[in-house]
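Below is structure_32.tsv, which holds TSV, C-alpha atoms.
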```
chain	number	residue	atom	x	y	z
A	12	MET	CA	24.33	-116.67	89.33
A	13	ILE	CA	23.74	-115.59	85.73
A	14	LEU	CA	21.18	-113.06	86.88
A	15	LYS	CA	23.56	-111.70	89.49
A	16	SER	CA	26.31	-110.92	87.00
A	17	ARG	CA	23.83	-109.43	84.53
A	18	LEU	CA	22.37	-107.23	87.27
A	19	LYS	CA	25.80	-106.12	88.36
A	20	GLU	CA	26.54	-105.04	84.81
A	21	ALA	CA	23.23	-103.18	84.50
A	22	LEU	CA	23.52	-101.39	87.86
A	23	ASN	CA	27.15	-100.44	87.27
A	24	ALA	CA	26.24	-99.06	83.84
A	25	GLN	CA	23.58	-96.92	85.49
A	26	GLY	CA	25.99	-95.81	88.19
A	27	VAL	CA	23.79	-97.19	90.96
A	28	ASP	CA	25.45	-97.95	94.30
A	29	HIS	CA	24.41	-101.46	95.19
A	30	ILE	CA	25.03	-104.60	97.19
A	31	LEU	CA	23.98	-107.83	95.46
A	32	ASP	CA	23.19	-111.03	97.32
A	33	VAL	CA	22.01	-114.38	96.02
A	34	THR	CA	19.55	-116.25	98.27
A	35	ASP	CA	16.74	-118.75	98.07
A	36	ALA	CA	13.09	-117.71	98.24
A	37	SER	CA	12.66	-118.17	102.00
A	38	ALA	CA	15.83	-116.22	102.85
A	39	ALA	CA	14.77	-113.51	100.41
A	40	SER	CA	11.54	-113.05	102.37
A	41	GLY	CA	13.48	-111.89	105.41
A	42	GLN	CA	16.14	-110.01	103.50
A	43	ASP	CA	16.70	-106.32	104.22
A	44	ALA	CA	16.68	-105.22	100.59
A	45	ASP	CA	15.20	-102.53	98.38
A	46	LEU	CA	14.72	-104.75	95.36
A	47	ILE	CA	14.48	-108.50	94.79
A	48	PHE	CA	14.95	-109.84	91.27
A	49	THR	CA	13.58	-113.29	90.57
A	50	SER	CA	11.67	-115.51	88.15
A	51	ASP	CA	7.94	-115.65	87.62
A	52	GLU	CA	7.71	-118.98	89.48
A	53	LEU	CA	9.63	-117.95	92.59
A	54	ALA	CA	8.07	-114.50	92.93
A	55	PRO	CA	4.90	-115.72	94.73
A	56	LYS	CA	7.07	-117.52	97.32
A	57	ILE	CA	8.81	-114.33	98.35
A	58	ARG	CA	6.98	-112.55	101.15
A	59	ASN	CA	9.08	-109.53	101.83
A	60	LYS	CA	7.21	-106.59	103.29
A	61	LYS	CA	9.74	-103.96	102.34
A	62	ALA	CA	11.37	-104.95	99.07
A	63	LYS	CA	9.84	-104.57	95.65
A	64	VAL	CA	9.92	-107.84	93.72
A	65	VAL	CA	10.94	-107.55	90.07
A	66	ILE	CA	10.25	-110.50	87.74
A	67	ILE	CA	12.83	-111.34	85.08
A	68	ASN	CA	11.70	-113.75	82.36
A	69	ASN	CA	14.93	-114.34	80.50
A	70	PHE	CA	17.97	-114.39	82.80
A	71	THR	CA	20.37	-114.09	79.88
A	72	ASP	CA	18.71	-111.07	78.25
A	73	ARG	CA	20.72	-107.94	79.05
A	74	SER	CA	18.16	-105.56	77.57
A	75	GLU	CA	15.26	-106.95	79.61
A	76	ILE	CA	17.35	-106.83	82.79
A	77	ARG	CA	18.69	-103.34	82.11
A	78	GLN	CA	15.23	-101.98	81.36
A	79	LYS	CA	13.57	-103.52	84.41
A	80	ALA	CA	16.44	-102.56	86.71
A	81	GLU	CA	16.33	-98.97	85.47
A	82	GLN	CA	12.62	-98.71	86.03
A	83	ALA	CA	12.77	-100.30	89.48
A	84	VAL	CA	15.60	-98.04	90.61
A	85	ALA	CA	13.76	-94.97	89.27
A	86	GLU	CA	10.65	-95.94	91.26
A	87	LEU	CA	12.75	-96.29	94.42
A	88	GLY	CA	14.02	-92.77	94.04
A	89	GLY	CA	10.53	-91.39	93.50
B	4	MET	CA	35.55	-121.57	76.08
B	5	LEU	CA	32.20	-123.30	75.51
B	6	ARG	CA	33.63	-125.25	72.62
B	7	GLU	CA	36.34	-126.67	74.89
B	8	ALA	CA	33.77	-127.59	77.52
B	9	LEU	CA	31.65	-129.58	75.07
B	10	ASP	CA	32.77	-132.53	73.01
B	11	HIS	CA	31.24	-135.35	70.98
B	12	GLY	CA	30.61	-137.37	74.12
B	13	SER	CA	28.72	-134.63	75.95
B	14	VAL	CA	26.26	-133.65	73.21
B	15	LEU	CA	23.09	-135.48	72.21
B	16	VAL	CA	20.91	-134.50	69.25
B	17	GLY	CA	17.37	-135.66	68.61
B	18	GLY	CA	16.41	-136.74	72.11
B	19	GLU	CA	12.77	-137.56	72.78
B	20	PRO	CA	12.75	-137.86	76.56
B	21	GLY	CA	8.96	-137.56	76.98
B	22	ASP	CA	9.06	-135.44	80.15
B	23	TRP	CA	11.34	-133.02	81.99
B	24	ARG	CA	12.68	-135.69	84.36
B	25	GLU	CA	13.95	-137.78	81.49
B	26	ALA	CA	15.31	-134.68	79.78
B	27	VAL	CA	17.29	-133.74	82.91
B	28	LYS	CA	18.55	-137.31	83.22
B	29	ALA	CA	19.63	-137.34	79.59
B	30	SER	CA	21.74	-134.22	80.13
B	31	GLY	CA	23.12	-135.72	83.36
B	32	ARG	CA	24.06	-139.03	81.78
B	33	LEU	CA	26.12	-137.10	79.25
B	34	LEU	CA	28.08	-135.55	82.15
B	35	VAL	CA	28.64	-139.04	83.55
B	36	ALA	CA	29.69	-140.34	80.12
B	37	VAL	CA	32.52	-137.81	79.86
B	38	GLY	CA	33.62	-138.30	83.47
B	39	ALA	CA	32.45	-134.92	84.76
B	40	ALA	CA	30.10	-136.43	87.31
B	41	GLU	CA	29.22	-139.64	89.11
B	42	GLU	CA	26.02	-141.57	88.53
B	43	ARG	CA	24.42	-140.17	91.72
B	44	TYR	CA	24.77	-136.64	90.37
B	45	VAL	CA	22.07	-137.44	87.80
B	46	THR	CA	19.58	-138.34	90.53
B	47	ALA	CA	20.53	-135.20	92.43
B	48	MET	CA	19.89	-133.07	89.33
B	49	VAL	CA	16.34	-134.39	89.13
B	50	ARG	CA	15.79	-133.83	92.86
B	51	THR	CA	17.18	-130.28	92.71
B	52	THR	CA	14.89	-129.46	89.81
B	53	GLU	CA	11.94	-130.90	91.76
B	54	GLU	CA	12.82	-128.73	94.76
B	55	LEU	CA	13.45	-125.51	92.88
B	56	GLY	CA	10.72	-125.97	90.31
B	57	PRO	CA	11.29	-124.57	86.87
B	58	TYR	CA	14.14	-122.41	88.17
B	59	ALA	CA	16.53	-124.25	85.86
B	60	VAL	CA	14.67	-122.80	82.88
B	61	ILE	CA	16.53	-119.55	82.43
B	62	ALA	CA	15.53	-118.42	78.94
B	63	PRO	CA	12.86	-119.31	76.36
B	64	GLY	CA	13.22	-123.02	75.62
B	65	VAL	CA	16.50	-123.34	77.54
B	66	ALA	CA	17.19	-125.13	80.84
B	67	ILE	CA	20.43	-125.55	82.80
B	68	PRO	CA	19.74	-128.32	85.31
B	69	HIS	CA	22.45	-128.95	87.90
B	70	ALA	CA	23.03	-130.24	91.42
B	71	ARG	CA	25.42	-129.29	94.23
B	72	PRO	CA	29.15	-129.99	93.90
B	73	GLU	CA	29.10	-132.48	96.81
B	74	GLU	CA	26.37	-134.51	95.14
B	75	GLY	CA	28.78	-136.27	92.81
B	76	ALA	CA	30.40	-133.63	90.62
B	77	ARG	CA	33.94	-134.57	89.57
B	78	ARG	CA	34.89	-131.44	87.67
B	79	VAL	CA	33.43	-128.46	85.85
B	80	GLY	CA	31.40	-130.05	83.09
B	81	LEU	CA	28.88	-129.06	80.47
B	82	SER	CA	26.59	-131.20	78.35
B	83	LEU	CA	23.83	-130.45	75.89
B	84	ALA	CA	20.77	-132.44	74.92
B	85	VAL	CA	19.00	-130.99	71.88
B	86	LEU	CA	15.49	-132.43	72.02
B	87	SER	CA	13.43	-133.12	68.93
B	88	GLU	CA	10.36	-133.29	71.20
B	89	PRO	CA	10.29	-130.32	73.60
B	90	VAL	CA	9.22	-130.92	77.22
B	91	GLU	CA	7.36	-128.85	79.82
B	92	PHE	CA	9.20	-127.87	83.00
B	93	GLY	CA	6.29	-125.85	84.37
B	94	SER	CA	7.77	-122.48	83.45
B	95	LYS	CA	4.96	-120.12	82.49
B	96	GLN	CA	7.24	-117.83	80.54
B	97	ASN	CA	9.82	-120.13	79.01
B	98	ASP	CA	8.24	-123.53	78.31
B	99	PRO	CA	8.48	-125.69	76.28
B	100	VAL	CA	12.17	-126.56	76.58
B	101	ASP	CA	14.20	-128.20	73.83
B	102	LEU	CA	17.75	-127.20	74.80
B	103	VAL	CA	18.95	-128.82	78.03
B	104	PHE	CA	22.44	-127.90	79.22
B	105	GLY	CA	23.58	-130.24	81.99
B	106	PHE	CA	26.07	-128.62	84.30
B	107	SER	CA	28.45	-129.68	87.04
B	108	THR	CA	31.05	-127.89	89.12
B	109	THR	CA	33.34	-128.78	92.00
B	110	ASP	CA	33.16	-125.42	93.74
B	111	SER	CA	31.15	-122.27	93.42
B	112	ASP	CA	33.94	-120.21	91.86
B	113	ALA	CA	35.33	-122.64	89.31
B	114	HIS	CA	32.37	-122.30	87.01
B	115	VAL	CA	31.82	-118.55	86.83
B	116	GLU	CA	33.53	-117.95	83.49
B	117	LEU	CA	31.95	-120.95	81.83
B	118	ILE	CA	28.46	-119.96	82.97
B	119	GLN	CA	29.08	-116.42	81.74
B	120	ALA	CA	30.12	-117.73	78.35
B	121	LEU	CA	27.05	-119.95	78.25
B	122	ALA	CA	24.73	-117.06	79.18
B	123	ASP	CA	26.27	-114.90	76.46
B	124	PHE	CA	25.77	-117.71	73.97
B	125	ILE	CA	22.13	-118.30	74.94
B	126	GLU	CA	21.36	-114.58	74.90
B	127	LYS	CA	21.73	-114.48	71.10
B	128	PRO	CA	18.61	-115.93	69.44
B	129	GLU	CA	20.60	-116.82	66.32
B	130	ASN	CA	22.63	-119.26	68.43
B	131	THR	CA	19.70	-121.07	69.99
B	132	GLU	CA	17.92	-121.18	66.62
B	133	ALA	CA	20.99	-122.69	64.99
B	134	LEU	CA	21.16	-125.36	67.71
B	135	ARG	CA	17.50	-126.21	67.15
B	136	GLY	CA	18.22	-126.59	63.45
B	137	ALA	CA	21.20	-128.88	63.97
B	138	SER	CA	20.71	-132.53	63.09
B	139	THR	CA	24.09	-133.93	64.13
B	140	VAL	CA	26.47	-133.52	67.06
B	141	GLU	CA	29.05	-132.16	64.63
B	142	GLU	CA	26.66	-129.39	63.57
B	143	VAL	CA	26.02	-128.45	67.20
B	144	LEU	CA	29.74	-128.19	67.87
B	145	GLN	CA	30.15	-126.06	64.75
B	146	VAL	CA	27.42	-123.67	65.91
B	147	VAL	CA	29.23	-123.24	69.22
B	148	GLU	CA	32.59	-122.83	67.55
B	149	ARG	CA	31.25	-120.24	65.11
B	150	SER	CA	29.62	-118.20	67.87
B	151	GLU	CA	32.90	-118.04	69.75
B	152	GLY	CA	34.79	-117.15	66.60
B	153	ASP	CA	32.56	-114.09	66.23
B	154	ALA	CA	32.96	-112.97	69.82
```

Let's see the structure in the file written out as structure tokens.
Amino acid sequence: MILKSRLKEALNAQGVDHILDVTDASAASGQDADLIFTSDELAPKIRNKKAKVVIINNFTDRSEIRQKAEQAVAELGG
Amino acid sequence: MLREALDHGSVLVGGEPGDWREAVKASGRLLVAVGAAEERYVTAMVRTTEELGPYAVIAPGVAIPHARPEEGARRVGLSLAVLSEPVEFGSKQNDPVDLVFGFSTTDSDAHVELIQALADFIEKPENTEALRGASTVEEVLQVVERSEGDA
């Protein structure tokens, strides 16, 4: 929930078109997504063949989230 | 907004719960004490944390344990247990935890603004450091009040 609103802020600031969904780890594994943002602990439980999993350590930290979202989006484009 | 959500009855300073279960219960009992949740909500908070692992630990040293609205929440509620002995939740990045914010809500929309305000508060290291330095409930409430005065 916190992460979702922080991500929305970051992606909007970067002008990235996006759809954000919040799911649990098992639903995330089957999700048709480009990127999955999660914590260090849940990351190993996500087995999604297509999406890149991005680990966020501090869900409240805008600069960490902005930086990691920017990098992940840049890698998608490349 | 945070200052209104917390009061003398929902803050505990100097807790030494011993482990994460007791820490979660301490934050839950504060919610019960102020009428924000029923007794069974406390048990559900522990179970939810067991199921989701250290997911409740959202920032260095900070956890926000909660359960589902239908598990005994009475209203949107916030509590805070400032621990003098930090506990391990099993979070590689963010353990040990000494600030435990108990949280309850009656539906998924009612709490959005409060959670936002809480996230903004926790994001600033000077706020969490000031909470860790507080030795009375009054000091904790002043830290929260000051942070909102600045915003």

Shortest contact to chain B, candidates A:Asp28, A:Glu75, A:Glu81, A:Glu52, atoms counted only C-alpha atoms, goes to A:Glu52

message: What are the residues of chain B lining chain A at 6 Å or less? Count all atoms listed in the file, and put the answer as a ChimeraX atom specification.
response: /B:61-62,122,126

re atom CA of A:Asp43 and atom CA of B:Ala59: distance 25.7 Å

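As for atom CA of B:Ala84 and atom CA of B:Pro57, they are spaced 17.2 Å apart.
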
What's around B:Leu134 at 12 Å? Count all atoms listed in the file, leave out sequence neighbours fewer than 3 positions away in its own chain, and write the answer as a PyMOL selection string.
chain B and resi 14-17+64-65+83-87+101-104+124-125+127-131+137-150

Export C-alpha atoms of the chosen residues as a short mmCIF file (atom, residue, chain, number, x, y, z; two decimals), in the frame of the given file?
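The new file out_14.cif reads:
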```cif
data_model
loop_
_atom_site.label_atom_id
_atom_site.label_comp_id
_atom_site.auth_asym_id
_atom_site.auth_seq_id
_atom_site.Cartn_x
_atom_site.Cartn_y
_atom_site.Cartn_z
CA VAL B 14 26.26 -133.65 73.21
CA LEU B 15 23.09 -135.48 72.21
CA VAL B 16 20.91 -134.50 69.25
CA GLY B 17 17.37 -135.66 68.61
CA GLY B 64 13.22 -123.02 75.62
CA VAL B 65 16.50 -123.34 77.54
CA LEU B 83 23.83 -130.45 75.89
CA ALA B 84 20.77 -132.44 74.92
CA VAL B 85 19.00 -130.99 71.88
CA LEU B 86 15.49 -132.43 72.02
CA SER B 87 13.43 -133.12 68.93
CA ASP B 101 14.20 -128.20 73.83
CA LEU B 102 17.75 -127.20 74.80
CA VAL B 103 18.95 -128.82 78.03
CA PHE B 104 22.44 -127.90 79.22
CA PHE B 124 25.77 -117.71 73.97
CA ILE B 125 22.13 -118.30 74.94
CA LYS B 127 21.73 -114.48 71.10
CA PRO B 128 18.61 -115.93 69.44
CA GLU B 129 20.60 -116.82 66.32
CA ASN B 130 22.63 -119.26 68.43
CA THR B 131 19.70 -121.07 69.99
CA ALA B 137 21.20 -128.88 63.97
CA SER B 138 20.71 -132.53 63.09
CA THR B 139 24.09 -133.93 64.13
CA VAL B 140 26.47 -133.52 67.06
CA GLU B 141 29.05 -132.16 64.63
CA GLU B 142 26.66 -129.39 63.57
CA VAL B 143 26.02 -128.45 67.20
CA LEU B 144 29.74 -128.19 67.87
CA GLN B 145 30.15 -126.06 64.75
CA VAL B 146 27.42 -123.67 65.91
CA VAL B 147 29.23 -123.24 69.22
CA GLU B 148 32.59 -122.83 67.55
CA ARG B 149 31.25 -120.24 65.11
CA SER B 150 29.62 -118.20 67.87
#
```

Judged by only C-alpha atoms, the minimum distance to B:Arg6 among B:Ile67, B:Leu81, B:Ala47, B:Val60 is found for B:Leu81

Would you mind listing what lies within 7 Å of B:Asp98 as number ranges by chain, with all atoms listed in the file counted and same-chain residues fewer than 5 positions away left out?
B: 63-64, 91-93

Taking every listed atom of stretch 17-28 of chain A and adding 5 Å to each side, what centre and edge lengths in Å (one decimal) does the axis-aligned box have, as AutoDock Vina command-line options?
```
--center_x 24.8 --center_y -102.6 --center_z 89.1 --size_x 14.8 --size_y 23.6 --size_z 20.5
```

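With distances taken over only C-alpha atoms, A:Ala80 is the one residue among A:Gly41, A:Glu86, A:Lys61, A:Ala80 lying closest to A:His29.
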
Atom CA of B:Leu9 sits from atom CA of B:Gly80 at a separation of 8.0 Å

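The nearest approach to A:Leu22 among the residues A:Ile76, A:Ala39, A:Ala54, A:Ile47, with all atoms listed in the file taken into account, belongs to A:Ile76.
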
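Between B:Val115 and the candidates A:Lys79, A:Lys63, A:Lys15, A:Arg58, the tightest atom-to-atom separation, counting all atoms listed in the file, involves A:Lys15.
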
The residue from A:Val84, A:Arg77, A:Gln42, A:Asn59 with the smallest atom-to-atom distance to A:Leu18, counting all atoms listed in the file, is A:Arg77

* Asked: Skipping near chain neighbours, those fewer than 4 positions away, what residues fall within 8 Å of A:Leu46 using only C-alpha atoms, listed as a PyMOL selection string?
  -> chain A and resi 62-65+83

Using all atoms listed in the file, give me every residue within 12 Å of (13.2, -127.4, 100.7) in file coordinates, as a PDB file with C-alpha atoms, in the coordinates of the input.
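After the write, point_30.pdb holds the following:
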```
ATOM      1  CA  ASP A  35      16.740-118.750  98.070  1.00  0.00           C
ATOM      2  CA  ALA A  36      13.090-117.710  98.240  1.00  0.00           C
ATOM      3  CA  SER A  37      12.660-118.170 102.000  1.00  0.00           C
ATOM      4  CA  ALA A  38      15.830-116.220 102.850  1.00  0.00           C
TER       5      ALA A  38
ATOM      6  CA  ARG B  50      15.790-133.830  92.860  1.00  0.00           C
ATOM      7  CA  THR B  51      17.180-130.280  92.710  1.00  0.00           C
ATOM      8  CA  THR B  52      14.890-129.460  89.810  1.00  0.00           C
ATOM      9  CA  GLU B  53      11.940-130.900  91.760  1.00  0.00           C
ATOM     10  CA  GLU B  54      12.820-128.730  94.760  1.00  0.00           C
ATOM     11  CA  LEU B  55      13.450-125.510  92.880  1.00  0.00           C
ATOM     12  CA  GLY B  56      10.720-125.970  90.310  1.00  0.00           C
TER      13      GLY B  56
END
```
